[in-house]
$ cat run00.txt   # compact mmCIF, C-alpha atoms
# COMPACT_ATOMS: atom_id res chain seq x y z
CA MET I 11 12.48 7.63 21.93
CA THR I 12 9.33 6.15 20.42
CA VAL I 13 6.86 4.06 22.36
CA ALA I 14 7.98 1.03 20.35
CA GLN I 15 11.58 1.54 21.47
CA ALA I 16 10.52 2.14 25.06
CA HIS I 17 8.84 -1.24 25.15
CA GLY I 18 11.75 -3.00 23.46
CA SER I 19 11.24 -5.93 21.11
CA ARG I 20 8.31 -7.38 23.06
CA ARG I 21 5.85 -4.75 21.94
CA VAL I 22 2.83 -5.40 19.75
CA PRO I 23 1.72 -2.12 18.08
CA ALA I 24 -2.06 -1.53 17.84
CA GLU I 25 -3.83 -4.70 18.96
CA PRO I 26 -3.34 -8.35 17.98
CA GLY I 27 -6.71 -8.46 16.14
CA LEU I 28 -5.62 -5.69 13.80
CA TRP I 29 -2.68 -7.76 12.60
CA VAL I 30 -4.99 -10.69 11.86
CA VAL I 31 -6.97 -8.35 9.58
CA VAL I 32 -3.87 -6.81 7.98
CA PHE I 33 -2.05 -10.07 7.26
CA GLY I 34 -5.33 -11.79 6.33
CA ASP I 35 -5.98 -9.09 3.71
CA LEU I 36 -2.39 -9.21 2.49
CA GLY I 37 -2.74 -12.99 2.14
CA VAL I 38 -6.00 -12.80 0.19
CA PHE I 39 -4.50 -10.22 -2.17
CA GLY I 40 -1.47 -12.50 -2.56
CA ILE I 41 -3.78 -15.23 -3.85
CA PHE I 42 -5.33 -12.75 -6.31
CA PHE I 43 -1.85 -11.75 -7.51
CA ALA I 44 -1.01 -15.42 -8.19
CA ALA I 45 -4.35 -15.93 -9.99
CA TYR I 46 -3.67 -12.86 -12.14
CA LEU I 47 -0.23 -14.14 -13.18
CA LEU I 48 -1.72 -17.57 -13.90
CA ALA I 49 -4.43 -16.06 -16.15
CA ARG I 50 -1.81 -13.87 -17.81
CA GLY I 51 0.27 -16.96 -18.61
CA GLN I 52 -2.70 -18.57 -20.34
CA SER I 53 -3.18 -15.66 -22.76
CA PRO I 54 0.03 -13.60 -22.80
CA GLU I 55 -0.74 -11.75 -26.06
CA LEU I 56 -4.17 -10.64 -24.85
CA PHE I 57 -2.76 -9.43 -21.51
CA ALA I 58 0.15 -7.60 -23.17
CA ALA I 59 -2.18 -5.84 -25.61
CA ALA I 60 -4.77 -4.98 -22.94
CA GLN I 61 -2.08 -3.63 -20.59
CA HIS I 62 -1.26 -0.95 -23.21
CA GLU I 63 -4.72 0.49 -22.52
CA LEU I 64 -3.53 1.41 -19.00
CA ASP I 65 -1.67 4.64 -18.31
CA ALA I 66 1.51 3.92 -16.31
CA ASN I 67 1.86 7.68 -15.66
CA LEU I 68 -1.43 7.50 -13.79
CA GLY I 69 -0.12 4.41 -11.97
CA ILE I 70 2.96 6.21 -10.65
CA THR I 71 0.79 9.20 -9.65
CA TYR I 72 -1.35 6.91 -7.46
CA THR I 73 1.84 5.43 -5.97
CA LEU I 74 3.32 8.82 -5.05
CA LEU I 75 -0.01 9.92 -3.53
CA LEU I 76 -0.23 6.85 -1.29
CA LEU I 77 3.45 6.86 -0.28
CA THR I 78 3.16 10.52 0.70
CA SER I 79 -0.06 9.91 2.61
CA SER I 80 1.69 7.10 4.52
CA LEU I 81 4.54 9.45 5.47
CA LEU I 82 2.00 12.03 6.67
CA VAL I 83 0.15 9.41 8.75
CA ALA I 84 3.43 8.18 10.30
CA ARG I 85 4.30 11.77 11.26
CA ALA I 86 0.78 12.38 12.56
CA LEU I 87 1.04 9.30 14.80
CA ALA I 88 4.35 10.56 16.18
CA GLY I 89 2.61 13.87 16.91
CA ILE I 90 -0.34 12.14 18.57
CA ARG I 91 2.07 10.28 20.87
CA VAL I 92 3.55 13.51 22.18
CA GLY I 93 0.16 15.22 22.37
CA ASP I 94 0.71 17.66 19.50
CA THR I 95 -2.95 18.58 18.99
CA HIS I 96 -1.99 21.40 16.63
CA ARG I 97 0.04 19.65 13.90
CA ALA I 98 -1.13 16.03 14.17
CA PRO I 99 -4.76 16.67 13.03
CA ARG I 100 -3.49 18.73 10.06
CA LEU I 101 -1.12 15.93 9.05
CA VAL I 102 -4.03 13.45 9.18
CA LEU I 103 -6.14 15.76 7.00
CA ALA I 104 -3.31 16.14 4.48
CA ALA I 105 -2.95 12.34 4.35
CA ALA I 106 -6.72 11.96 3.85
CA ALA I 107 -6.58 14.54 1.05
CA CYS I 108 -3.98 12.38 -0.75
CA GLY I 109 -6.23 9.35 -0.26
CA ALA I 110 -9.28 11.23 -1.52
CA ALA I 111 -7.30 12.41 -4.58
CA PHE I 112 -6.46 8.74 -5.26
CA ALA I 113 -10.17 7.80 -5.13
CA VAL I 114 -11.21 10.69 -7.39
CA LEU I 115 -8.49 9.85 -9.95
CA LYS I 116 -9.56 6.21 -9.84
CA GLY I 117 -13.13 7.32 -10.55
CA PHE I 118 -11.94 9.25 -13.60
CA GLU I 119 -9.86 6.26 -14.73
CA TYR I 120 -12.85 3.91 -14.40
CA SER I 121 -15.20 6.22 -16.27
CA ALA I 122 -12.60 6.75 -19.02
CA LYS I 123 -12.26 2.98 -19.38
CA ALA I 124 -16.03 2.54 -19.42
CA SER I 125 -16.42 5.20 -22.12
CA GLU I 126 -13.89 3.28 -24.23
CA GLY I 127 -16.07 0.20 -23.77
CA LEU I 128 -13.57 -1.45 -21.43
CA THR I 129 -15.46 -3.26 -18.64
CA PRO I 130 -14.92 -6.40 -16.52
CA HIS I 131 -16.67 -8.27 -19.34
CA THR I 132 -14.20 -7.12 -22.00
CA ASN I 133 -11.60 -9.81 -21.31
CA ASP I 134 -9.72 -11.56 -18.49
CA PHE I 135 -7.21 -8.74 -18.13
CA PHE I 136 -9.91 -6.16 -17.47
CA LEU I 137 -11.76 -8.57 -15.19
CA TYR I 138 -8.63 -8.75 -13.00
CA TYR I 139 -7.99 -5.03 -13.41
CA PHE I 140 -11.43 -4.11 -12.09
CA VAL I 141 -11.50 -6.76 -9.35
CA LEU I 142 -7.99 -6.00 -8.01
CA THR I 143 -8.23 -2.21 -8.19
CA GLY I 144 -11.89 -2.28 -7.04
CA LEU I 145 -11.09 -4.37 -3.95
CA HIS I 146 -8.17 -2.08 -3.27
CA LEU I 147 -10.41 0.98 -3.62
CA VAL I 148 -12.87 -0.50 -1.09
CA HIS I 149 -9.95 -0.90 1.35
CA LEU I 150 -8.88 2.67 0.64
CA LEU I 151 -12.38 3.97 1.41
CA VAL I 152 -12.42 2.01 4.69
CA GLY I 153 -8.97 3.47 5.38
CA LEU I 154 -10.30 6.99 4.77
CA GLY I 155 -12.99 6.32 7.37
CA LEU I 156 -10.30 5.21 9.82
CA LEU I 157 -8.30 8.38 9.05
CA GLY I 158 -11.43 10.32 10.03
CA TYR I 159 -11.35 8.52 13.37
CA LEU I 160 -7.60 9.18 13.64
CA TRP I 161 -8.33 12.88 13.09
CA VAL I 162 -10.83 12.83 15.98
CA LEU I 163 -8.24 11.14 18.22
CA ALA I 164 -5.52 13.59 17.11
CA ARG I 165 -7.70 16.54 18.20
CA ARG I 166 -8.29 15.26 21.73
CA PRO I 167 -6.68 17.70 24.14
CA ALA I 168 -5.90 15.08 26.77
CA ARG I 169 -3.07 12.58 26.18
CA LEU I 170 -4.53 9.32 24.83
CA ASP I 171 -4.74 6.32 27.13
CA GLU I 172 -3.22 3.01 25.99
CA THR I 173 -6.47 1.72 24.48
CA HIS I 174 -7.03 4.79 22.32
CA LEU I 175 -3.37 4.97 21.38
CA ALA I 176 -3.71 1.36 20.17
CA TYR I 177 -6.76 2.41 18.08
CA ALA I 178 -4.70 5.25 16.60
CA GLU I 179 -1.86 2.86 15.77
CA GLY I 180 -4.33 0.38 14.26
CA SER I 181 -5.94 3.03 12.05
CA ALA I 182 -2.50 4.17 10.88
CA SER I 183 -1.35 0.62 10.17
CA PHE I 184 -4.49 -0.13 8.16
CA TRP I 185 -3.69 2.90 6.02
CA HIS I 186 -0.10 1.68 5.52
CA MET I 187 -1.55 -1.67 4.40
CA VAL I 188 -3.61 0.13 1.71
CA ASP I 189 -0.32 1.71 0.59
CA ALA I 190 1.55 -1.64 0.65
CA LEU I 191 -1.14 -3.39 -1.44
CA TRP I 192 -0.95 -0.70 -4.11
CA ILE I 193 2.86 -1.06 -4.15
CA VAL I 194 2.31 -4.57 -5.59
CA ILE I 195 -0.81 -3.87 -7.69
CA PHE I 196 0.87 -1.00 -9.58
CA PRO I 197 3.78 -2.99 -11.08
CA LEU I 198 1.68 -6.11 -11.54
CA LEU I 199 -1.10 -4.47 -13.59
CA TYR I 200 0.60 -1.41 -15.09
CA LEU I 201 4.24 -2.41 -15.57
CA VAL I 202 5.13 -6.11 -15.71
CA GLN I 203 5.43 -7.18 -19.34
CA MET X 25 12.05 9.00 14.34
CA SER X 26 10.94 11.52 11.75
CA HIS X 27 14.29 11.59 9.93
CA ARG X 28 14.34 7.82 9.52
CA VAL X 29 10.73 7.72 8.30
CA LEU X 30 11.50 10.54 5.87
CA ALA X 31 14.54 8.64 4.57
CA VAL X 32 12.41 5.51 4.07
CA TRP X 33 9.80 7.56 2.20
CA LEU X 34 12.54 8.94 -0.08
CA VAL X 35 13.85 5.42 -0.80
CA LEU X 36 10.29 4.24 -1.56
CA VAL X 37 9.67 7.17 -3.93
CA LEU X 38 12.98 6.69 -5.75
CA ALA X 39 12.39 2.92 -6.05
CA SER X 40 8.90 3.61 -7.45
CA LEU X 41 10.23 6.06 -10.03
CA LEU X 42 12.94 3.56 -11.01
CA SER X 43 10.33 0.78 -11.40
CA TRP X 44 8.13 3.07 -13.46
CA GLN X 45 11.02 3.77 -15.86
CA LEU X 46 12.19 0.14 -15.86
CA GLY X 47 8.62 -0.97 -16.47
CA HIS X 48 8.60 0.54 -19.93
CA ARG X 49 11.17 -2.03 -20.99
CA ASP X 50 10.37 -5.51 -22.19
CA GLY X 51 11.99 -8.57 -20.82
CA THR X 52 11.92 -11.09 -18.02
CA ALA X 53 14.81 -9.52 -16.09
CA ALA X 54 13.18 -6.07 -15.95
CA SER X 55 9.83 -7.55 -14.88
CA LEU X 56 11.38 -9.71 -12.16
CA ALA X 57 13.40 -6.72 -10.93
CA VAL X 58 10.23 -4.60 -10.74
CA LEU X 59 8.41 -7.32 -8.76
CA GLY X 60 11.43 -7.84 -6.49
CA VAL X 61 11.63 -4.13 -5.76
CA ALA X 62 7.90 -4.15 -4.92
CA CYS X 63 8.47 -6.91 -2.33
CA VAL X 64 11.35 -4.98 -0.73
CA LYS X 65 9.09 -1.91 -0.60
CA VAL X 66 6.31 -3.86 1.14
CA ARG X 67 8.89 -4.95 3.74
CA LEU X 68 10.06 -1.35 4.25
CA ILE X 69 6.45 -0.18 4.72
CA GLY X 70 5.88 -2.96 7.27
CA GLN X 71 9.13 -2.30 9.14
CA HIS X 72 9.14 1.48 9.29
CA PHE X 73 5.59 2.75 8.67
CA MET X 74 3.73 -0.04 10.49
CA GLU X 75 6.59 0.01 13.03
CA LEU X 76 7.06 -3.74 12.95
CA LYS X 77 10.85 -3.45 13.00
CA GLY X 78 10.88 -2.95 16.76
CA ALA X 79 7.83 -5.10 17.40
CA HIS X 80 7.44 -8.51 18.99
CA ALA X 81 9.36 -11.30 17.20
CA SER X 82 6.12 -12.98 16.08
CA LEU X 83 5.09 -9.87 14.11
CA ARG X 84 8.55 -9.47 12.58
CA LEU X 85 8.47 -13.13 11.52
CA LEU X 86 4.97 -12.70 10.10
CA LEU X 87 6.11 -9.74 8.01
CA ASP X 88 9.31 -11.39 6.76
CA GLY X 89 7.47 -14.66 6.12
CA TYR X 90 4.78 -12.85 4.13
CA VAL X 91 7.30 -10.91 2.05
CA LEU X 92 9.29 -14.06 1.28
CA LEU X 93 6.14 -15.96 0.33
CA LEU X 94 4.96 -13.02 -1.79
CA ALA X 95 8.32 -12.83 -3.60
CA ALA X 96 8.36 -16.60 -4.23
CA THR X 97 4.72 -16.56 -5.43
CA LEU X 98 5.18 -13.61 -7.79
CA ALA X 99 8.47 -14.90 -9.25
CA GLY X 100 7.19 -18.48 -9.43
CA PHE X 101 3.89 -17.68 -11.15
CA TYR X 102 5.54 -15.11 -13.42
CA LEU X 103 8.19 -17.59 -14.59
CA ALA X 104 5.86 -20.60 -14.78
CA ALA X 105 3.28 -18.69 -16.79
$ encode --input "run00.txt" --output "structure tokens"
Amino acid sequence: MTVAQAHGSRRVPAEPGLWVVVFGDLGVFGIFFAAYLLARGQSPELFAAAQHELDANLGITYTLLLLTSSLLVARALAGIRVGDTHRAPRLVLAAAACGAAFAVLKGFEYSAKASEGLTPHTNDFFLYYFVLTGLHLVHLLVGLGLLGYLWVLARRPARLDETHLAYAEGSASFWHMVDALWIVIFPLLYLVQ
Amino acid sequence: MSHRVLAVWLVLVLASLLSWQLGHRDGTAASLAVLGVACVKVRLIGQHFMELKGAHASLRLLLDGYVLLLAATLAGFYLAA
């Protein structure tokens, strides 16, 4: 039985403030998604042509990296709850490695685009591409920092008290938000014709 | 819990691969399907990874409300554009 089940349907995972951040971020990105589609509607030919410059194979690679990292974080959190100080920290590290691979790949993608002369100034499509993926990357880097904290918590020999368990849940949920945002950014930028 | 989370991960991976293949096709229906699948995936991540499925009703409502609003916004702006 998980802690969530033990507390029934009245439970708030992490702490209330974390959910303000998560849904606030999701909301702001939602506005960006709408703005992107609006700009796309104003110059559909330009957006369709520019989208061909993106590599959808790279897009799916990012997606699989983040989905897998989310699974690893979920399993790590389950381990932290039962005090598994052996496996849980390793799962967090594996998740962070997936996240770091995402950031490194993104760096290569940016520099490849820059070397082709594709910058935020190129056109509206690339403005949105750099702003959306750049903001997402900033969230991912913050998430990596939180995974570092999760790793510290996972290594603690003593069972976590409620406050620190809430911090662990909050760090994990922030990481899942980074995953969820990419789940929308990928089809929007790389796929939707 | 681990089996359910693993099953959700598998569904998310398969849905992503399907979208990736579908995405190579032109057309409004394919694009709307890809966006719809993305919204369902966001809900699955919220329910099972963020553990909001068993959470307080206010959080479940927030998640479902967000996903509905996201779906309406994406479909609306895609079609209106």
$ atom_distance --input "run00.txt" --atom1 "atom CA of Leu151 of chain I" --atom2 "atom CA of Ala107 of chain I"
12.1 Å
$ closest_residue --input "run00.txt" --among "I:Trp29, I:Phe42, I:Tyr159, I:Trp192" --to "Leu98 of chain X" --atoms "all atoms listed in the file"
I:Phe42
$ interface_residues --input "run00.txt" --of "chain X" --to "chain I" --cutoff "9 Å" --atoms "all atoms listed in the file" --output "PyMOL selection string"
chain X and resi 25-26+29-30+32-33+36-37+40-41+43-44+46-52+54-56+58-59+62-63+65-67+69-70+72-81+83+86-87+90+93-94+97-98+100-105
$ atom_distance --input "run00.txt" --atom1 "atom CA of Phe112 of chain I" --atom2 "atom CA of Tyr177 of chain I"
24.2 Å
$ closest_residue --input "run00.txt" --among "I:Leu115, I:Val162, I:Val148, I:Val141" --to "Val102 of chain I" --atoms "all atoms listed in the file"
I:Val162
$ atom_distance --input "run00.txt" --atom1 "atom CA of Asp88 of chain X" --atom2 "atom CA of Ala57 of chain X"
18.7 Å
$ residues_around --input "run00.txt" --residues "Lys116 of chain I" --least-positions-apart "4" --cutoff "10 Å" --atoms "all atoms listed in the file" --output "list in words"
Leu68, Gly69, Tyr72, Ala110, Ala111, Phe112, Tyr120, Ser121, Ala122, Thr143, Gly144 and Leu147 of chain I
$ closest_residue --input "run00.txt" --among "X:Gly60, X:Ala39, X:Arg28, X:Gln71" --to "Leu92 of chain X" --atoms "only C-alpha atoms"
X:Gly60
$ closest_residue --input "run00.txt" --among "X:Val91, X:Val61, X:Leu85, X:Ala99" --to "Leu38 of chain X" --atoms "only C-alpha atoms"
X:Val61
$ closest_residue --input "run00.txt" --among "I:Val30, I:Ala60, I:Val38, I:Ala176" --to "Phe135 of chain I" --atoms "all atoms listed in the file"
I:Ala60
